[in-house]
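Before any comments, here is the structure.
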Amino acid sequence: MAPPPATAADLAQSLGVSARTVYRDVDTLRSIGAVIDGESGFGYTLIEDAAMPPLSFDTDELEALVLGLREVGAVGDPVLAKAAAGALSKLRARLPAAQAHRLEHAVLTARRFTPMPVPGIDASVLRQAAWDEKRIRFDYSDAVGAPTSRDVDPLSIVYMQASNCLLAYCHLRKDFRAFRLDRMRNLELTDTSFRPRRVPLLREYMAQINEEEHG
C-alpha cells in the first residue's frame with residue numbers, strides 16, 4: 001500500500017523548517033522536473049517518473065554538457081540562454097550527489113567578452129518556423145543599411161562568434177542566403193509550407209558552403 005500524502009506541516013516538522021519553506025521548495029522541485037502530486041491542505045506525494053530514470057555520466061561527458069550549455073547561454077538568443085540555464089538546473093537535480101558536485105564546479109566554462117548583437121526579431125518564433133517548414137517574411141538591412149523585404153524558407157540558425165545568422169533560401173534572390181538576426185525586423189509567418197524540403201535544402205546549402213571554403 002502506498003504511503004499517505006505528507007502534509008506541509010508534517011514535512012516542516014521533520015525538516016525543521018517553516019511550512020512556507022516547504023511550499024516554496026515544492027514549487028522549486030516542480031519547476032526543475034520533479035513530479036509531485038497534491039497541493040497545500042491535502043498533502044504531497046512524490047511520483048516516480050519512468051520517463052526520467054536516474055542519470056549518470058562520466059567526467060568528460062559532464063564537462064561536455066556543462067560547456068555546451070554555458071556556450072548556449074553565452075551566444076544564444078535570450079530565450080535559448082534562459083532555456084540553457086533551466087536545463088542545467090534540471091540536470092543538476094537529476095544527478096547523484098557526487099556528480100552534481102562535479103557539474104556545479106566543472107573545470108570548463110564558456111565566456112564571451114564581446115556581447116552578441118541582440119536579435120531584431122523573436123528568435124524562438126523563427127526557430128519554430130524552421131521546424132514547421134513555413135515560409136517567413138521580414139524586413140532586412142544589409143551591411144551598408146540598405147533596406148529590403150525578404151520572403152525566405154528558414155533552414156537553420158548558426159550561432160557564430162560575431163553574430164547569429166539565419167541560413168535560408170531567399171525567394172527574392174532565388175538562391176541561398178545568410179541573414180544576421182540583429183538586422184532582421186518585422187518577422188511574419190506565412191501560410192506557405194515548404195515541407196518536406198528543409199533538410200535537403202539545408203544539405204545542399206551546407207555543401208555549397210563547404211565547396212566555397214575548400215574550393
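A note on labels: chains of the C-alpha cells are A, B, ... as shown, every chain counts residues from 1, and ligands are counted from 1 in their shown order.
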| task | Taking the chain letters and numbering used in this document, name the residues of stretch 34-190 of chain A that DSSP puts in helix (DSSP H, G or I), as a ChimeraX atom specification. | result | /A:59-75,78-94,97-104,123-132,181-183
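Within 7 Å of A:Arg177, once only C-alpha atoms are used and residues closer than 3 positions along the same chain are dropped, the contacting residues are Leu167, Ala168, Tyr169 and Cys170 of chain A.
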Okay, now the selection with C-alpha atoms, as a short mmCIF file (atom, residue, chain, number, x, y, z; two decimals), in the first residue's frame?
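Once everything was written out, this is result_18.cif:
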data_model
loop_
_atom_site.label_atom_id
_atom_site.label_comp_id
_atom_site.auth_asym_id
_atom_site.auth_seq_id
_atom_site.Cartn_x
_atom_site.Cartn_y
_atom_site.Cartn_z
CA LEU A 167 20.53 30.20 -43.20
CA ALA A 168 17.68 30.30 -45.70
CA TYR A 169 16.56 30.01 -49.28
CA CYS A 170 15.73 33.54 -50.42
#
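Proximity ranking of A:Glu71, A:Met184, A:Leu91, A:Glu63 relative to A:His105 places A:Glu63 first, based on only C-alpha atoms.
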Would you give me, as a CSV table (one decimal) with N, CA and C atoms, in the first residue's frame, the residues in stretch 120-150 of chain A that DSSP reads as strand (DSSP E or B)?
chain,number,residue,atom,x,y,z
A,134,LYS,N,7.7,26.5,-42.5
A,134,LYS,CA,6.8,27.6,-43.0
A,134,LYS,C,7.6,28.7,-43.5
A,135,ARG,N,7.3,29.2,-44.7
A,135,ARG,CA,8.0,30.4,-45.2
A,135,ARG,C,7.7,31.6,-44.4
A,136,ILE,N,8.7,32.5,-44.3
A,136,ILE,CA,8.6,33.7,-43.4
A,136,ILE,C,8.9,34.9,-44.3
A,137,ARG,N,8.5,36.1,-43.7
A,137,ARG,CA,8.7,37.4,-44.4
A,137,ARG,C,9.2,38.3,-43.3
A,138,PHE,N,10.2,39.1,-43.7
A,138,PHE,CA,10.8,40.1,-42.8
A,138,PHE,C,11.5,41.2,-43.5
A,139,ASP,N,11.7,42.3,-42.8
A,139,ASP,CA,12.5,43.5,-43.4
A,139,ASP,C,13.9,43.2,-43.0
A,140,TYR,N,14.8,43.6,-43.9
A,140,TYR,CA,16.2,43.4,-43.6
A,140,TYR,C,17.1,44.6,-44.1
A,141,SER,N,18.1,44.8,-43.3
A,141,SER,CA,19.1,45.9,-43.7
A,141,SER,C,20.4,45.2,-43.8
A,147,PRO,N,17.7,48.9,-47.1
A,147,PRO,CA,16.6,48.0,-46.7
A,147,PRO,C,16.0,47.2,-47.8
A,148,THR,N,15.6,46.0,-47.5
A,148,THR,CA,14.8,45.1,-48.4
A,148,THR,C,13.8,44.4,-47.6
A,149,SER,N,12.8,43.8,-48.3
A,149,SER,CA,11.8,42.9,-47.7
A,149,SER,C,12.1,41.5,-48.3
A,150,ARG,N,12.2,40.5,-47.5
A,150,ARG,CA,12.5,39.2,-47.9
A,150,ARG,C,11.5,38.2,-47.6
| request: Tell me which protein, DNA and RNA residues are within 7 Å of A:Val79, counting only C-alpha atoms, leaving out same-chain ones fewer than 3 positions away, and put them as a ChimeraX atom specification. | output: /A:82-83,124
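The coordinates place atom CA of A:Ala9 at 13.9 Å from atom CA of A:Thr45.
Nearest to A:Asn164 of all the residues A:Asp60, A:Glu204, A:Asp122, A:Asp77 is A:Asp77, counting only C-alpha atoms.
When only C-alpha atoms are used to measure the gap to A:Ala84, the shortest distance among A:Pro119, A:Ala97, A:Arg70, A:Ser18 belongs to A:Arg70.
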